[in-house]
$ cat my_file.txt   # compact mmCIF, N, CA and C atoms
# COMPACT_ATOMS: atom_id res chain seq x y z
N MET N 1 5.99 12.97 -10.76
CA MET N 1 6.63 13.74 -11.81
C MET N 1 5.74 14.93 -12.19
N ASN N 2 6.39 16.04 -12.41
CA ASN N 2 5.70 17.26 -12.84
C ASN N 2 6.07 17.57 -14.28
N PHE N 3 5.23 18.37 -14.92
CA PHE N 3 5.46 18.78 -16.30
C PHE N 3 6.02 20.19 -16.31
N TYR N 4 7.04 20.44 -17.14
CA TYR N 4 7.69 21.75 -17.18
C TYR N 4 7.95 22.20 -18.61
N ASP N 5 7.98 23.51 -18.79
CA ASP N 5 8.46 24.15 -20.01
C ASP N 5 9.63 25.02 -19.60
N LEU N 6 10.71 24.93 -20.35
CA LEU N 6 11.89 25.73 -20.09
C LEU N 6 12.22 26.52 -21.35
N LEU N 7 12.11 27.83 -21.27
CA LEU N 7 12.48 28.72 -22.38
C LEU N 7 13.89 29.23 -22.12
N ILE N 8 14.75 29.07 -23.12
CA ILE N 8 16.13 29.54 -23.00
C ILE N 8 16.42 30.46 -24.18
N VAL N 9 17.02 31.61 -23.89
CA VAL N 9 17.47 32.53 -24.94
C VAL N 9 18.99 32.52 -24.91
N PHE N 10 19.58 32.01 -25.99
CA PHE N 10 21.03 31.93 -26.12
C PHE N 10 21.55 33.12 -26.92
N ASP N 11 22.82 33.43 -26.72
CA ASP N 11 23.51 34.39 -27.58
C ASP N 11 23.59 33.77 -28.97
N VAL N 12 23.29 34.56 -29.99
CA VAL N 12 23.25 34.04 -31.36
C VAL N 12 24.61 33.50 -31.79
N GLY N 13 25.68 34.18 -31.44
CA GLY N 13 27.01 33.76 -31.86
C GLY N 13 27.60 32.67 -30.98
N GLY N 14 26.85 32.18 -30.02
CA GLY N 14 27.36 31.20 -29.08
C GLY N 14 27.61 29.84 -29.70
N LYS N 15 28.60 29.16 -29.18
CA LYS N 15 28.98 27.85 -29.70
C LYS N 15 28.69 26.72 -28.70
N LYS N 16 28.22 27.06 -27.51
CA LYS N 16 28.06 26.06 -26.45
C LYS N 16 26.61 25.58 -26.28
N ARG N 17 25.73 25.91 -27.22
CA ARG N 17 24.32 25.55 -27.08
C ARG N 17 24.14 24.04 -26.90
N GLU N 18 24.80 23.24 -27.73
CA GLU N 18 24.67 21.78 -27.64
C GLU N 18 25.22 21.26 -26.32
N LYS N 19 26.31 21.85 -25.84
CA LYS N 19 26.90 21.43 -24.57
C LYS N 19 25.93 21.69 -23.42
N VAL N 20 25.31 22.87 -23.42
CA VAL N 20 24.34 23.22 -22.37
C VAL N 20 23.15 22.27 -22.42
N LEU N 21 22.63 22.00 -23.62
CA LEU N 21 21.50 21.08 -23.76
C LEU N 21 21.86 19.68 -23.26
N LYS N 22 23.07 19.25 -23.56
CA LYS N 22 23.51 17.93 -23.10
C LYS N 22 23.55 17.86 -21.58
N GLU N 23 24.04 18.93 -20.94
CA GLU N 23 24.08 18.97 -19.47
C GLU N 23 22.67 18.95 -18.88
N ILE N 24 21.76 19.69 -19.50
CA ILE N 24 20.38 19.73 -19.01
C ILE N 24 19.73 18.37 -19.16
N LYS N 25 19.92 17.75 -20.32
CA LYS N 25 19.35 16.42 -20.56
C LYS N 25 19.85 15.40 -19.54
N SER N 26 21.15 15.45 -19.23
CA SER N 26 21.70 14.50 -18.27
C SER N 26 21.16 14.77 -16.86
N ALA N 27 20.99 16.05 -16.50
CA ALA N 27 20.43 16.39 -15.19
C ALA N 27 19.00 15.86 -15.06
N ILE N 28 18.23 15.97 -16.13
CA ILE N 28 16.85 15.49 -16.11
C ILE N 28 16.81 13.97 -16.02
N SER N 29 17.62 13.29 -16.83
CA SER N 29 17.59 11.83 -16.84
C SER N 29 18.14 11.23 -15.54
N GLU N 30 19.11 11.91 -14.90
CA GLU N 30 19.65 11.42 -13.63
C GLU N 30 18.58 11.36 -12.54
N LYS N 31 17.64 12.30 -12.59
CA LYS N 31 16.57 12.34 -11.58
C LYS N 31 15.35 11.53 -12.01
N GLY N 32 15.44 10.83 -13.14
CA GLY N 32 14.33 9.99 -13.58
C GLY N 32 13.32 10.71 -14.45
N GLY N 33 13.66 11.89 -14.94
CA GLY N 33 12.75 12.64 -15.81
C GLY N 33 12.93 12.26 -17.26
N ALA N 34 12.09 12.86 -18.10
CA ALA N 34 12.15 12.58 -19.54
C ALA N 34 11.82 13.85 -20.32
N ILE N 35 12.48 13.99 -21.45
CA ILE N 35 12.22 15.14 -22.32
C ILE N 35 11.11 14.77 -23.28
N GLU N 36 10.07 15.62 -23.32
CA GLU N 36 8.95 15.38 -24.23
C GLU N 36 9.24 15.93 -25.61
N LYS N 37 9.75 17.18 -25.65
CA LYS N 37 9.91 17.83 -26.94
C LYS N 37 10.91 18.97 -26.82
N ILE N 38 11.68 19.20 -27.89
CA ILE N 38 12.56 20.35 -27.97
C ILE N 38 12.14 21.16 -29.19
N GLU N 39 11.78 22.42 -28.97
CA GLU N 39 11.37 23.30 -30.06
C GLU N 39 12.43 24.38 -30.23
N GLU N 40 13.02 24.44 -31.40
CA GLU N 40 13.98 25.49 -31.70
C GLU N 40 13.25 26.57 -32.50
N TRP N 41 13.07 27.72 -31.89
CA TRP N 41 12.39 28.82 -32.57
C TRP N 41 13.35 29.61 -33.44
N GLY N 42 14.62 29.43 -33.22
CA GLY N 42 15.61 30.11 -34.03
C GLY N 42 15.93 31.52 -33.54
N THR N 43 16.57 32.28 -34.41
CA THR N 43 17.00 33.63 -34.06
C THR N 43 15.84 34.61 -34.16
N ARG N 44 15.68 35.40 -33.12
CA ARG N 44 14.63 36.42 -33.08
C ARG N 44 15.18 37.68 -32.45
N ARG N 45 14.55 38.79 -32.80
CA ARG N 45 14.91 40.09 -32.23
C ARG N 45 14.42 40.14 -30.79
N LEU N 46 15.27 40.60 -29.89
CA LEU N 46 14.89 40.76 -28.48
C LEU N 46 14.06 42.03 -28.32
N ALA N 47 13.19 42.07 -27.35
CA ALA N 47 12.36 43.25 -27.10
C ALA N 47 13.21 44.42 -26.63
N TYR N 48 14.30 44.12 -25.96
CA TYR N 48 15.24 45.13 -25.49
C TYR N 48 16.62 44.48 -25.41
N PRO N 49 17.68 45.26 -25.51
CA PRO N 49 19.02 44.67 -25.47
C PRO N 49 19.30 43.97 -24.13
N ILE N 50 19.90 42.79 -24.23
CA ILE N 50 20.33 42.04 -23.05
C ILE N 50 21.82 41.78 -23.23
N LYS N 51 22.62 42.22 -22.27
CA LYS N 51 24.08 42.08 -22.35
C LYS N 51 24.61 42.64 -23.67
N LYS N 52 24.03 43.76 -24.08
CA LYS N 52 24.41 44.47 -25.31
C LYS N 52 24.14 43.67 -26.57
N LYS N 53 23.21 42.72 -26.51
CA LYS N 53 22.83 41.90 -27.66
C LYS N 53 21.41 42.28 -28.07
N ASN N 54 21.16 42.34 -29.37
CA ASN N 54 19.83 42.67 -29.88
C ASN N 54 19.06 41.47 -30.39
N ASP N 55 19.76 40.37 -30.65
CA ASP N 55 19.13 39.15 -31.14
C ASP N 55 19.48 37.99 -30.23
N GLY N 56 18.58 36.99 -30.19
CA GLY N 56 18.83 35.81 -29.39
C GLY N 56 18.29 34.57 -30.08
N PHE N 57 18.82 33.42 -29.73
CA PHE N 57 18.36 32.15 -30.27
C PHE N 57 17.42 31.53 -29.23
N TYR N 58 16.15 31.37 -29.59
CA TYR N 58 15.14 30.88 -28.66
C TYR N 58 14.98 29.36 -28.78
N LEU N 59 14.86 28.72 -27.63
CA LEU N 59 14.68 27.27 -27.57
C LEU N 59 13.72 26.96 -26.42
N ILE N 60 12.76 26.08 -26.68
CA ILE N 60 11.83 25.65 -25.63
C ILE N 60 12.01 24.15 -25.42
N LEU N 61 12.19 23.79 -24.18
CA LEU N 61 12.38 22.40 -23.79
C LEU N 61 11.18 22.00 -22.92
N ARG N 62 10.43 21.00 -23.36
CA ARG N 62 9.29 20.50 -22.60
C ARG N 62 9.70 19.16 -21.99
N PHE N 63 9.54 19.04 -20.67
CA PHE N 63 9.99 17.82 -20.02
C PHE N 63 9.17 17.50 -18.78
N THR N 64 9.30 16.24 -18.32
CA THR N 64 8.72 15.81 -17.05
C THR N 64 9.86 15.45 -16.13
N ALA N 65 9.73 15.85 -14.89
CA ALA N 65 10.79 15.59 -13.91
C ALA N 65 10.27 15.86 -12.51
N PRO N 66 10.96 15.33 -11.50
CA PRO N 66 10.60 15.69 -10.12
C PRO N 66 11.01 17.14 -9.85
N PRO N 67 10.38 17.78 -8.87
CA PRO N 67 10.66 19.19 -8.60
C PRO N 67 12.11 19.50 -8.23
N ASP N 68 12.82 18.54 -7.66
CA ASP N 68 14.20 18.82 -7.22
C ASP N 68 15.21 18.91 -8.37
N VAL N 69 14.77 18.71 -9.61
CA VAL N 69 15.69 18.81 -10.75
C VAL N 69 15.79 20.26 -11.26
N ILE N 70 14.85 21.10 -10.89
CA ILE N 70 14.81 22.47 -11.42
C ILE N 70 16.02 23.29 -10.96
N LYS N 71 16.36 23.22 -9.70
CA LYS N 71 17.50 24.01 -9.20
C LYS N 71 18.81 23.65 -9.91
N PRO N 72 19.16 22.37 -10.06
CA PRO N 72 20.40 22.06 -10.80
C PRO N 72 20.38 22.56 -12.26
N ILE N 73 19.22 22.48 -12.90
CA ILE N 73 19.13 22.98 -14.28
C ILE N 73 19.36 24.48 -14.31
N GLU N 74 18.71 25.20 -13.41
CA GLU N 74 18.88 26.65 -13.38
C GLU N 74 20.30 27.05 -13.00
N ASP N 75 20.97 26.25 -12.18
CA ASP N 75 22.38 26.50 -11.86
C ASP N 75 23.25 26.37 -13.11
N ILE N 76 22.97 25.35 -13.93
CA ILE N 76 23.70 25.17 -15.19
C ILE N 76 23.52 26.39 -16.07
N LEU N 77 22.28 26.87 -16.18
CA LEU N 77 21.98 28.01 -17.05
C LEU N 77 22.59 29.31 -16.53
N ARG N 78 22.62 29.48 -15.23
CA ARG N 78 23.19 30.71 -14.65
C ARG N 78 24.70 30.83 -14.88
N ARG N 79 25.40 29.71 -14.90
CA ARG N 79 26.85 29.79 -15.03
C ARG N 79 27.32 29.91 -16.47
N GLU N 80 26.43 29.72 -17.44
CA GLU N 80 26.81 29.84 -18.85
C GLU N 80 26.62 31.27 -19.33
N GLU N 81 27.68 31.87 -19.83
CA GLU N 81 27.62 33.25 -20.30
C GLU N 81 26.79 33.38 -21.57
N GLU N 82 26.69 32.33 -22.35
CA GLU N 82 25.94 32.38 -23.61
C GLU N 82 24.43 32.35 -23.41
N VAL N 83 23.98 32.05 -22.20
CA VAL N 83 22.55 32.07 -21.91
C VAL N 83 22.19 33.49 -21.49
N LEU N 84 21.36 34.15 -22.31
CA LEU N 84 20.97 35.52 -22.01
C LEU N 84 19.84 35.56 -20.99
N ARG N 85 18.84 34.69 -21.16
CA ARG N 85 17.70 34.61 -20.24
C ARG N 85 17.16 33.20 -20.26
N PHE N 86 16.44 32.85 -19.19
CA PHE N 86 15.72 31.58 -19.16
C PHE N 86 14.53 31.72 -18.23
N LEU N 87 13.53 30.88 -18.47
CA LEU N 87 12.33 30.88 -17.65
C LEU N 87 11.79 29.47 -17.60
N THR N 88 11.57 28.97 -16.38
CA THR N 88 11.01 27.65 -16.18
C THR N 88 9.59 27.81 -15.66
N THR N 89 8.63 27.17 -16.32
CA THR N 89 7.24 27.22 -15.86
C THR N 89 6.72 25.80 -15.74
N GLY N 90 5.84 25.61 -14.80
CA GLY N 90 5.21 24.31 -14.60
C GLY N 90 3.90 24.23 -15.35
N ARG N 91 3.54 23.01 -15.77
CA ARG N 91 2.26 22.77 -16.43
C ARG N 91 1.49 21.75 -15.60
N LYS N 92 0.17 21.78 -15.69
CA LYS N 92 -0.65 20.84 -14.93
C LYS N 92 -0.70 19.47 -15.59
N GLU N 93 -0.57 19.46 -16.93
CA GLU N 93 -0.66 18.19 -17.63
C GLU N 93 0.20 18.22 -18.89
N ALA N 94 0.40 17.06 -19.46
CA ALA N 94 1.19 16.97 -20.69
C ALA N 94 0.43 17.62 -21.83
N ILE N 95 1.16 18.14 -22.79
CA ILE N 95 0.53 18.71 -23.97
C ILE N 95 0.26 17.58 -24.94
N SER N 96 -1.01 17.43 -25.30
CA SER N 96 -1.38 16.33 -26.19
C SER N 96 -0.99 16.66 -27.63
N GLU N 97 -0.85 15.64 -28.43
CA GLU N 97 -0.52 15.84 -29.84
C GLU N 97 -1.66 16.57 -30.54
N GLU N 98 -2.89 16.32 -30.09
CA GLU N 98 -4.05 16.98 -30.68
C GLU N 98 -3.97 18.48 -30.48
N ALA N 99 -3.58 18.91 -29.28
CA ALA N 99 -3.44 20.34 -29.00
C ALA N 99 -2.34 20.96 -29.84
N GLU N 100 -1.26 20.23 -30.05
CA GLU N 100 -0.16 20.71 -30.89
C GLU N 100 -0.62 20.90 -32.33
N GLU N 101 -1.44 19.95 -32.84
CA GLU N 101 -1.93 20.05 -34.21
C GLU N 101 -2.84 21.26 -34.38
N VAL N 102 -3.70 21.52 -33.40
CA VAL N 102 -4.59 22.68 -33.46
C VAL N 102 -3.77 23.96 -33.47
N LYS N 103 -2.73 24.00 -32.64
CA LYS N 103 -1.86 25.16 -32.57
C LYS N 103 -1.18 25.40 -33.92
N GLU N 104 -0.68 24.33 -34.53
CA GLU N 104 -0.01 24.46 -35.83
C GLU N 104 -0.99 24.92 -36.90
N GLU N 105 -2.23 24.41 -36.87
CA GLU N 105 -3.23 24.84 -37.85
C GLU N 105 -3.53 26.33 -37.72
N LYS N 106 -3.62 26.81 -36.49
CA LYS N 106 -3.88 28.23 -36.27
C LYS N 106 -2.73 29.08 -36.80
N ILE N 107 -1.51 28.62 -36.60
CA ILE N 107 -0.34 29.35 -37.10
C ILE N 107 -0.37 29.41 -38.62
N ILE N 108 -0.69 28.29 -39.26
CA ILE N 108 -0.75 28.25 -40.73
C ILE N 108 -1.84 29.17 -41.23
N GLU N 109 -3.01 29.15 -40.59
CA GLU N 109 -4.10 30.03 -41.00
C GLU N 109 -3.70 31.50 -40.88
N LYS N 110 -3.04 31.84 -39.80
CA LYS N 110 -2.61 33.23 -39.61
C LYS N 110 -1.59 33.63 -40.67
N GLU N 111 -0.64 32.73 -40.97
CA GLU N 111 0.36 33.04 -41.99
C GLU N 111 -0.30 33.23 -43.35
N GLU N 112 -1.29 32.38 -43.69
CA GLU N 112 -1.99 32.52 -44.96
C GLU N 112 -2.76 33.84 -45.01
N LYS N 113 -3.38 34.20 -43.90
CA LYS N 113 -4.12 35.46 -43.84
C LYS N 113 -3.16 36.64 -44.00
N ASP N 114 -2.02 36.59 -43.30
CA ASP N 114 -1.03 37.66 -43.41
C ASP N 114 -0.49 37.78 -44.83
N GLU N 115 -0.27 36.66 -45.50
CA GLU N 115 0.21 36.69 -46.88
C GLU N 115 -0.82 37.34 -47.78
N GLY N 116 -2.09 37.03 -47.56
CA GLY N 116 -3.17 37.63 -48.35
C GLY N 116 -3.22 39.14 -48.18
N ILE N 117 -3.01 39.60 -46.96
CA ILE N 117 -3.01 41.03 -46.69
C ILE N 117 -1.83 41.70 -47.37
N LEU N 118 -0.67 41.07 -47.33
CA LEU N 118 0.53 41.63 -47.95
C LEU N 118 0.40 41.70 -49.46
N LYS N 119 -0.29 40.73 -50.07
CA LYS N 119 -0.46 40.70 -51.52
C LYS N 119 -1.58 41.64 -51.97
N GLY N 120 -2.32 42.18 -51.02
CA GLY N 120 -3.42 43.07 -51.38
C GLY N 120 -4.72 42.33 -51.61
N ASP N 121 -4.77 41.06 -51.31
CA ASP N 121 -5.98 40.25 -51.47
C ASP N 121 -6.93 40.61 -50.33
N ASN N 122 -8.13 41.07 -50.71
CA ASN N 122 -9.11 41.42 -49.69
C ASN N 122 -10.34 40.54 -49.81
N ASN N 123 -10.10 39.28 -50.20
CA ASN N 123 -11.15 38.27 -50.26
C ASN N 123 -12.33 38.67 -51.13
N GLY N 124 -12.05 39.27 -52.26
CA GLY N 124 -13.11 39.61 -53.21
C GLY N 124 -13.84 40.89 -52.90
N GLU N 125 -13.49 41.58 -51.87
CA GLU N 125 -14.16 42.83 -51.53
C GLU N 125 -13.57 43.95 -52.34
N SER N 126 -14.37 44.90 -52.64
CA SER N 126 -13.94 46.03 -53.44
C SER N 126 -13.46 47.16 -52.54
N ASP N 127 -12.43 47.86 -52.97
CA ASP N 127 -11.94 49.01 -52.22
C ASP N 127 -12.75 50.26 -52.51
N GLN N 128 -13.60 50.19 -53.56
CA GLN N 128 -14.38 51.37 -53.94
C GLN N 128 -15.62 51.46 -53.06
N GLY N 129 -15.99 52.70 -52.73
CA GLY N 129 -17.18 52.92 -51.90
C GLY N 129 -18.45 52.62 -52.67
N SER N 130 -19.56 52.34 -51.99
CA SER N 130 -20.82 52.01 -52.63
C SER N 130 -21.56 53.24 -53.03

$ encode --input "my_file.txt" --output "structure tokens"
Amino acid sequence: MNFYDLLIVFDVGGKKREKVLKEIKSAISEKGGAIEKIEEWGTRRLAYPIKKKNDGFYLILRFTAPPDVIKPIEDILRREEEVLRFLTTGRKEAISEEAEEVKEEKIIEKEEKDEGILKGDNNGESDQGS
């Protein structure tokens, strides 16, 4: 079994997201794979318009499966009009919970720092010259 990450960008107004996910899940389980985690990033602005759309719904699917399951999954994604883009990448090992916690801590720290900058908090430093 190999480890994979699958990034899917759906059309925001699409109604078939759950149907597509169900098909992908069944394709993975039929080949003996397992889904580790599903991360819904939500609606985000695209870097450039795709199919005349400016926003997309981002979803990351982390799973383990044999290599022969990738083609059927990508076939499912290609035939769905609501899928704007997708990318499948392989990983060498599973992502540990410890690594996920560190990642989340870094995100929280960055958000706190960004909030401080927006509020004008400069950590006690003076804006006046010496």

$ atom_distance --input "my_file.txt" --atom1 "CA of Thr43 in chain N" --atom2 "CA of Arg79 in chain N"
21.8 Å

$ select_by_dssp --input "my_file.txt" --residues "range 1-111 of chain N" --states "strand (DSSP E or B)" --output "VMD selection string"
chain N and resid 2 to 11 34 to 50 53 to 65 83 to 91

$ residues_around --input "my_file.txt" --residues "Lys31 in chain N" --least-positions-apart "5" --cutoff "9 Å" --atoms "only C-alpha atoms" --output "compact mmCIF listing (two decimals) with N, CA and C atoms, keeping the file's coordinate frame"
# COMPACT_ATOMS: atom_id res chain seq x y z
N SER N 26 21.15 15.45 -19.23
CA SER N 26 21.70 14.50 -18.27
C SER N 26 21.16 14.77 -16.86
N ALA N 65 9.73 15.85 -14.89
CA ALA N 65 10.79 15.59 -13.91
C ALA N 65 10.27 15.86 -12.51
N PRO N 66 10.96 15.33 -11.50
CA PRO N 66 10.60 15.69 -10.12
C PRO N 66 11.01 17.14 -9.85
N ASP N 68 12.82 18.54 -7.66
CA ASP N 68 14.20 18.82 -7.22
C ASP N 68 15.21 18.91 -8.37
N VAL N 69 14.77 18.71 -9.61
CA VAL N 69 15.69 18.81 -10.75
C VAL N 69 15.79 20.26 -11.26

$ atom_distance --input "my_file.txt" --atom1 "atom N of Val20 in chain N" --atom2 "atom C of Glu93 in chain N"
25.9 Å

$ residues_around --input "my_file.txt" --residues "Lys25 in chain N" --least-positions-apart "6" --cutoff "8 Å" --atoms "all atoms listed in the file" --output "PyMOL selection string"
chain N and resi 19+31+33-35

$ write_last_selection --input "my_file.txt" --atoms "N, CA and C atoms" --output "compact mmCIF listing (two decimals), keeping the file's coordinate frame"
# COMPACT_ATOMS: atom_id res chain seq x y z
N LYS N 19 26.31 21.85 -25.84
CA LYS N 19 26.90 21.43 -24.57
C LYS N 19 25.93 21.69 -23.42
N LYS N 31 17.64 12.30 -12.59
CA LYS N 31 16.57 12.34 -11.58
C LYS N 31 15.35 11.53 -12.01
N GLY N 33 13.66 11.89 -14.94
CA GLY N 33 12.75 12.64 -15.81
C GLY N 33 12.93 12.26 -17.26
N ALA N 34 12.09 12.86 -18.10
CA ALA N 34 12.15 12.58 -19.54
C ALA N 34 11.82 13.85 -20.32
N ILE N 35 12.48 13.99 -21.45
CA ILE N 35 12.22 15.14 -22.32
C ILE N 35 11.11 14.77 -23.28

$ residues_around --input "my_file.txt" --residues "Lys51 in chain N" --least-positions-apart "3" --cutoff "10 Å" --atoms "only C-alpha atoms" --output "list in words"
Asp11, Tyr48, Asn54, Glu81, Glu82 and Leu84 of chain N

$ write_last_selection --input "my_file.txt" --atoms "N, CA and C atoms" --output "mmCIF file, keeping the file's coordinate frame"
data_model
loop_
_atom_site.group_PDB
_atom_site.id
_atom_site.type_symbol
_atom_site.label_atom_id
_atom_site.label_comp_id
_atom_site.auth_asym_id
_atom_site.auth_seq_id
_atom_site.Cartn_x
_atom_site.Cartn_y
_atom_site.Cartn_z
ATOM 1 N N ASP N 11 22.820 33.430 -26.720
ATOM 2 C CA ASP N 11 23.510 34.390 -27.580
ATOM 3 C C ASP N 11 23.590 33.770 -28.970
ATOM 4 N N TYR N 48 14.300 44.120 -25.960
ATOM 5 C CA TYR N 48 15.240 45.130 -25.490
ATOM 6 C C TYR N 48 16.620 44.480 -25.410
ATOM 7 N N ASN N 54 21.160 42.340 -29.370
ATOM 8 C CA ASN N 54 19.830 42.670 -29.880
ATOM 9 C C ASN N 54 19.060 41.470 -30.390
ATOM 10 N N GLU N 81 27.680 31.870 -19.830
ATOM 11 C CA GLU N 81 27.620 33.250 -20.300
ATOM 12 C C GLU N 81 26.790 33.380 -21.570
ATOM 13 N N GLU N 82 26.690 32.330 -22.350
ATOM 14 C CA GLU N 82 25.940 32.380 -23.610
ATOM 15 C C GLU N 82 24.430 32.350 -23.410
ATOM 16 N N LEU N 84 21.360 34.150 -22.310
ATOM 17 C CA LEU N 84 20.970 35.520 -22.010
ATOM 18 C C LEU N 84 19.840 35.560 -20.990
#

$ closest_residue --input "my_file.txt" --among "N:Leu87, N:Ile38, N:Leu59, N:Ile24" --to "Ile73 in chain N" --atoms "only C-alpha atoms"
N:Ile24

$ atom_distance --input "my_file.txt" --atom1 "atom N of Lys92 in chain N" --atom2 "CA of Arg78 in chain N"
24.7 Å

$ residues_near_point --input "my_file.txt" --point "(15.4, 38.4, -29.6)" --cutoff "6.5 Å" --atoms "all atoms listed in the file" --output "PyMOL selection string"
chain N and resi 43-47+54-57
